[in-house]
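Peer 1: Below is final24.cif; it holds mmCIF, C-alpha atoms and all ligand atoms.
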data_run
#
loop_
_atom_site.label_atom_id
_atom_site.label_comp_id
_atom_site.auth_asym_id
_atom_site.auth_seq_id
_atom_site.Cartn_x
_atom_site.Cartn_y
_atom_site.Cartn_z
CA MET D 1491 22.65 19.66 -14.98
CA GLY D 1492 23.96 16.58 -13.17
CA ASP D 1493 23.53 12.95 -14.17
CA SER D 1494 20.23 11.93 -12.53
CA THR D 1495 21.12 8.22 -12.63
CA ALA D 1496 24.49 8.57 -10.87
CA ALA D 1497 23.13 8.23 -7.31
CA GLN D 1498 20.80 5.27 -8.03
CA PRO D 1499 21.86 2.07 -6.21
CA SER D 1500 22.06 -1.07 -8.36
CA LEU D 1501 19.37 -3.73 -8.04
CA ARG D 1502 19.90 -7.49 -8.34
CA VAL D 1503 16.88 -9.78 -8.77
CA LEU D 1504 16.72 -12.25 -5.88
CA ILE D 1505 13.27 -13.75 -6.54
CA PRO D 1506 11.74 -13.28 -9.98
CA ARG D 1507 8.06 -12.47 -10.43
CA ASP D 1508 7.01 -15.85 -11.82
CA ARG D 1509 8.36 -17.66 -8.74
CA ILE D 1510 6.57 -15.19 -6.47
CA GLN D 1511 3.27 -15.70 -8.27
CA ALA D 1512 3.58 -19.49 -8.23
CA ARG D 1513 4.38 -19.51 -4.51
CA ILE D 1514 1.46 -17.23 -3.66
CA GLU D 1515 -0.89 -19.56 -5.54
CA GLU D 1516 0.41 -22.47 -3.42
CA LEU D 1517 0.00 -20.50 -0.19
CA GLY D 1518 -3.56 -19.58 -1.12
CA ARG D 1519 -4.50 -23.21 -1.68
CA GLN D 1520 -2.74 -24.28 1.54
CA ILE D 1521 -4.52 -21.62 3.62
CA ARG D 1522 -7.94 -22.59 2.28
CA ALA D 1523 -7.23 -26.28 2.91
CA ASP D 1524 -6.29 -25.47 6.53
CA TYR D 1525 -9.45 -23.46 7.26
CA GLY D 1526 -12.01 -25.62 5.45
CA ASP D 1527 -14.98 -23.52 4.41
CA LYS D 1528 -14.66 -20.95 7.21
CA PRO D 1529 -14.35 -17.25 6.41
CA ILE D 1530 -10.77 -15.96 6.72
CA TYR D 1531 -9.93 -12.44 7.90
CA LEU D 1532 -6.71 -11.20 6.35
CA ILE D 1533 -5.18 -8.28 8.24
CA ALA D 1534 -2.50 -6.65 6.10
CA ILE D 1535 0.13 -4.36 7.49
CA LEU D 1536 0.57 -1.12 5.57
CA LYS D 1537 2.25 -0.29 3.41
CA GLY D 1538 4.61 -3.13 2.55
CA ALA D 1539 2.08 -6.00 2.63
CA CYS D 1540 -0.53 -4.52 0.32
CA ILE D 1541 0.84 -6.00 -2.93
CA PHE D 1542 1.20 -9.44 -1.31
CA LEU D 1543 -2.30 -9.10 0.15
CA SER D 1544 -3.89 -8.31 -3.19
CA ASP D 1545 -2.43 -11.44 -4.78
CA LEU D 1546 -2.87 -13.69 -1.73
CA ALA D 1547 -6.52 -12.70 -1.24
CA ARG D 1548 -7.26 -13.70 -4.83
CA ALA D 1549 -5.36 -16.98 -4.46
CA ILE D 1550 -7.56 -18.14 -1.55
CA PRO D 1551 -10.83 -19.64 -2.79
CA GLY D 1552 -14.04 -19.06 -0.82
CA SER D 1553 -14.90 -16.46 1.80
CA VAL D 1554 -12.12 -13.96 2.46
CA ARG D 1555 -12.37 -10.55 4.09
CA PHE D 1556 -9.57 -8.09 4.59
CA ASP D 1557 -8.64 -4.94 6.43
CA PHE D 1558 -5.49 -2.92 7.00
CA MET D 1559 -3.41 -1.84 9.94
CA GLY D 1560 -0.73 0.78 9.90
CA ILE D 1561 2.30 -0.01 12.04
CA SER D 1562 5.42 2.05 11.97
CA SER D 1563 8.61 0.31 13.03
CA TYR D 1564 11.26 1.66 10.73
CA GLY D 1565 12.63 5.08 9.86
CA ARG D 1566 13.07 6.24 6.29
CA GLY D 1567 16.02 4.02 5.38
CA LYS D 1568 17.44 0.61 6.22
CA THR D 1569 17.85 1.21 9.93
CA PRO D 1570 15.15 0.29 12.45
CA SER D 1571 13.99 3.14 14.63
CA GLY D 1572 13.35 0.63 17.45
CA GLU D 1573 9.91 2.10 17.94
CA VAL D 1574 6.58 0.39 17.11
CA LYS D 1575 3.35 2.33 16.96
CA VAL D 1576 -0.12 1.95 15.42
CA THR D 1577 -0.67 4.58 12.76
CA LYS D 1578 -3.98 3.16 11.45
CA ASP D 1579 -6.28 0.83 13.34
CA LEU D 1580 -8.81 -1.70 12.00
CA ASP D 1581 -12.34 -0.77 11.02
CA VAL D 1582 -13.77 -4.17 12.03
CA SER D 1583 -14.14 -6.30 15.16
CA LEU D 1584 -12.09 -9.51 15.25
CA GLU D 1585 -14.06 -11.25 17.98
CA GLY D 1586 -14.53 -14.97 17.25
CA VAL D 1587 -13.01 -14.90 13.76
CA ASP D 1588 -10.00 -16.63 12.19
CA VAL D 1589 -7.31 -14.03 11.53
CA VAL D 1590 -4.31 -14.32 9.26
CA ILE D 1591 -1.91 -11.41 9.62
CA VAL D 1592 -0.39 -10.65 6.22
CA GLU D 1593 3.11 -9.17 6.36
CA ASP D 1594 5.75 -8.47 3.73
CA ILE D 1595 8.75 -9.70 5.74
CA VAL D 1596 9.59 -11.01 9.20
CA ASP D 1597 12.92 -9.48 10.11
CA THR D 1598 13.69 -8.95 13.81
CA GLY D 1599 10.14 -10.01 14.71
CA VAL D 1600 9.57 -6.92 16.84
CA THR D 1601 6.63 -5.65 14.75
CA LEU D 1602 4.78 -8.97 14.62
CA THR D 1603 5.31 -9.70 18.31
CA TYR D 1604 3.75 -6.35 19.15
CA LEU D 1605 0.90 -6.75 16.67
CA THR D 1606 0.07 -10.35 17.61
CA HIS D 1607 -0.27 -9.37 21.27
CA LEU D 1608 -2.41 -6.39 20.36
CA LEU D 1609 -4.78 -8.46 18.19
CA GLN D 1610 -5.02 -11.29 20.76
CA GLN D 1611 -6.68 -8.78 23.10
CA ARG D 1612 -9.52 -8.47 20.56
CA ARG D 1613 -10.42 -12.15 21.12
CA PRO D 1614 -10.27 -13.69 17.64
CA ARG D 1615 -10.79 -17.47 17.45
CA SER D 1616 -7.31 -17.93 16.02
CA ILE D 1617 -4.34 -15.92 14.71
CA GLN D 1618 -1.72 -17.08 12.22
CA ILE D 1619 0.88 -15.17 10.22
CA ALA D 1620 1.45 -15.21 6.46
CA ALA D 1621 4.72 -13.54 5.47
CA LEU D 1622 5.97 -13.27 1.92
CA LEU D 1623 9.57 -13.30 3.17
CA ASP D 1624 11.34 -14.51 6.29
CA LYS D 1625 14.85 -13.47 7.39
CA PRO D 1626 15.29 -15.81 10.39
CA SER D 1627 18.95 -14.88 10.92
CA ARG D 1628 17.91 -11.40 12.09
CA ARG D 1629 15.36 -12.52 14.69
CA LEU D 1630 15.29 -10.78 18.09
CA ARG D 1631 11.82 -12.07 19.08
CA PRO D 1632 10.59 -15.67 18.55
CA VAL D 1633 7.96 -15.10 15.85
CA HIS D 1634 6.63 -18.12 13.96
CA ALA D 1635 4.94 -17.48 10.62
CA LYS D 1636 2.89 -20.54 9.62
CA TYR D 1637 2.77 -19.44 5.97
CA VAL D 1638 6.06 -18.23 4.48
CA GLY D 1639 6.67 -17.48 0.81
CA PHE D 1640 10.47 -17.56 0.85
CA THR D 1641 13.20 -17.73 3.47
CA ILE D 1642 15.98 -15.34 2.50
CA PRO D 1643 19.50 -14.53 3.74
CA ASP D 1644 20.33 -11.36 5.65
CA GLU D 1645 20.15 -8.91 2.76
CA PHE D 1646 18.09 -5.75 2.41
CA VAL D 1647 15.46 -6.36 -0.25
CA VAL D 1648 13.00 -4.20 -2.13
CA GLY D 1649 10.10 -4.71 -4.53
CA PHE D 1650 6.70 -6.38 -4.35
CA GLY D 1651 5.66 -3.85 -1.70
CA LEU D 1652 8.98 -3.58 0.13
CA ASP D 1653 10.68 -0.21 0.05
CA PHE D 1654 13.93 1.58 0.59
CA ALA D 1655 13.06 5.11 1.76
CA GLU D 1656 9.61 4.68 0.07
CA ASP D 1657 11.06 3.75 -3.33
CA TYR D 1658 10.85 0.45 -5.27
CA ARG D 1659 7.55 -0.82 -3.81
CA ASN D 1660 6.22 -1.13 -7.37
CA LEU D 1661 8.85 -3.60 -8.62
CA SER D 1662 7.33 -6.95 -9.60
CA ASP D 1663 10.50 -8.87 -8.64
CA ILE D 1664 12.15 -8.98 -5.22
CA CYS D 1665 15.57 -7.39 -5.53
CA VAL D 1666 18.64 -6.82 -3.39
CA VAL D 1667 19.81 -3.24 -3.16
CA GLY D 1668 23.50 -2.96 -4.02
CA ASP D 1669 26.01 -0.64 -2.36
P1 LIG D 1701 10.70 -6.37 12.12
O1 LIG D 1701 9.88 -5.72 13.18
O2 LIG D 1701 12.17 -6.14 12.33
O3 LIG D 1701 10.39 -7.82 11.87
O4 LIG D 1701 10.45 -5.53 10.83
C1 LIG D 1701 9.45 -5.71 9.97
C2 LIG D 1701 9.40 -4.57 8.97
O5 LIG D 1701 10.71 -4.05 8.66
C3 LIG D 1701 8.87 -5.08 7.69
O6 LIG D 1701 7.46 -5.02 7.66
C4 LIG D 1701 9.49 -4.13 6.68
O7 LIG D 1701 8.68 -3.00 6.54
C5 LIG D 1701 10.81 -3.73 7.31
N1 LIG D 1701 11.92 -4.49 6.72
C6 LIG D 1701 12.64 -5.46 7.30
N2 LIG D 1701 13.56 -5.96 6.45
C7 LIG D 1701 13.40 -5.29 5.30
C8 LIG D 1701 14.05 -5.37 4.01
O8 LIG D 1701 14.96 -6.17 3.74
N3 LIG D 1701 13.59 -4.51 3.07
C9 LIG D 1701 12.59 -3.61 3.30
N4 LIG D 1701 11.96 -3.52 4.47
C10 LIG D 1701 12.37 -4.35 5.47
#
Take the structure in the file and write it out as structure tokens.
Ligand code: IMP

Peer 2:
Amino acid sequence: MGDSTAAQPSLRVLIPRDRIQARIEELGRQIRADYGDKPIYLIAILKGACIFLSDLARAIPGSVRFDFMGISSYGRGKTPSGEVKVTKDLDVSLEGVDVVIVEDIVDTGVTLTYLTHLLQQRRPRSIQIAALLDKPSRRLRPVHAKYVGFTIPDEFVVGFGLDFAEDYRNLSDICVVGD
């Protein structure tokens, strides 16, 4: 039998869990302050945003509703496939409501550009973006996320919902995958 740990890449903590939790609490308060007492519709992008969504939704006081959209933009590893498609659509109408798209990370911006245009066609009153992480150095499309947890350098990260070939989503810290 071989050594099952030999092929595991090393992980380095970039953002520890307590900083993530504190920042999400701040974002929740900021979002509620911006919307007054209006209901907020959080639209989370599967699968990476679901851990961020579950903490963010609980950090926003007052009326919050949420739903999920499946968008596939990446292959199984670190390389973008260059293709964006909807794999799961919403179950609710967005007409006249205030939408906040909840995303794990803004990288090239291709996914959020596509999704924002798609959701605009459903005539919400407003659309903003909340992203746990932002990698502005990789941007190919001019996406502006109003609510950003952390701006990070151009490194491939995992944890807190983010994966590498479907692994590591369950880590509570955000980590950089080593070589
Ligand atoms: P974009 O369309 O290039 O902005 O890609 C957005 C998606 O790429 C994110 O929702 C992630 O699923 C994935 N992605 C981008 N950077 C990373 C990373 O560092 N780790 C894991 N997934 C990433």

Peer 1: Which residue is closest to ligand LIG 1701 (chain D)? Choose from D:Glu1593, D:Glu1516, D:Asp1663, D:Glu1656 and count only C-alpha atoms and all ligand atoms.

Peer 2: D:Glu1593

Peer 1: One number please: atom CA of D:Ala1534 to atom N2 of ligand LIG 1701 (chain D), in Å, one decimal.

Peer 2: 16.1 Å

Peer 1: Please give me, as number ranges by chain, the residues lying within 8 Å of ligand LIG 1701 (chain D) when counting only C-alpha atoms and all ligand atoms.

Peer 2: D: 1535, 1537-1539, 1563-1564, 1568, 1570, 1574, 1593-1603, 1625, 1628-1629, 1644-1648, 1652-1654

Peer 1: Which value, in Å to one decimal, gives the distance between atom CA of D:Asp1557 and atom CA of D:Val1633?

Peer 2: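 So the two atoms, atom CA of D:Asp1557 and atom CA of D:Val1633, lie 21.6 Å apart.
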
Peer 1: Go through D:Val1592, D:Ala1523, D:Ile1530, D:Leu1661 one by one, measure the shortest atom-to-atom distance of each to D:Val1638 using all atoms listed in the file, and give the residue with the smallest value.

Peer 2: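 Ranking D:Val1592, D:Ala1523, D:Ile1530, D:Leu1661 by distance to D:Val1638, first place goes to D:Val1592.
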
Peer 1: When you count all atoms listed in the file, which of these residues is closest to D:Gln1498: D:Ser1562, D:Ile1664, D:Tyr1637, D:Tyr1658?

Peer 2: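 Of D:Ser1562, D:Ile1664, D:Tyr1637, D:Tyr1658, the one nearest D:Gln1498, counting all atoms listed in the file, is D:Tyr1658.
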
Peer 1: What does the distance from atom CA of D:Gly1526 to atom CA of D:Ile1550 come to in Å, to one decimal?

Peer 2: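 Atom CA of D:Ile1550 lies 11.2 Å from atom CA of D:Gly1526.
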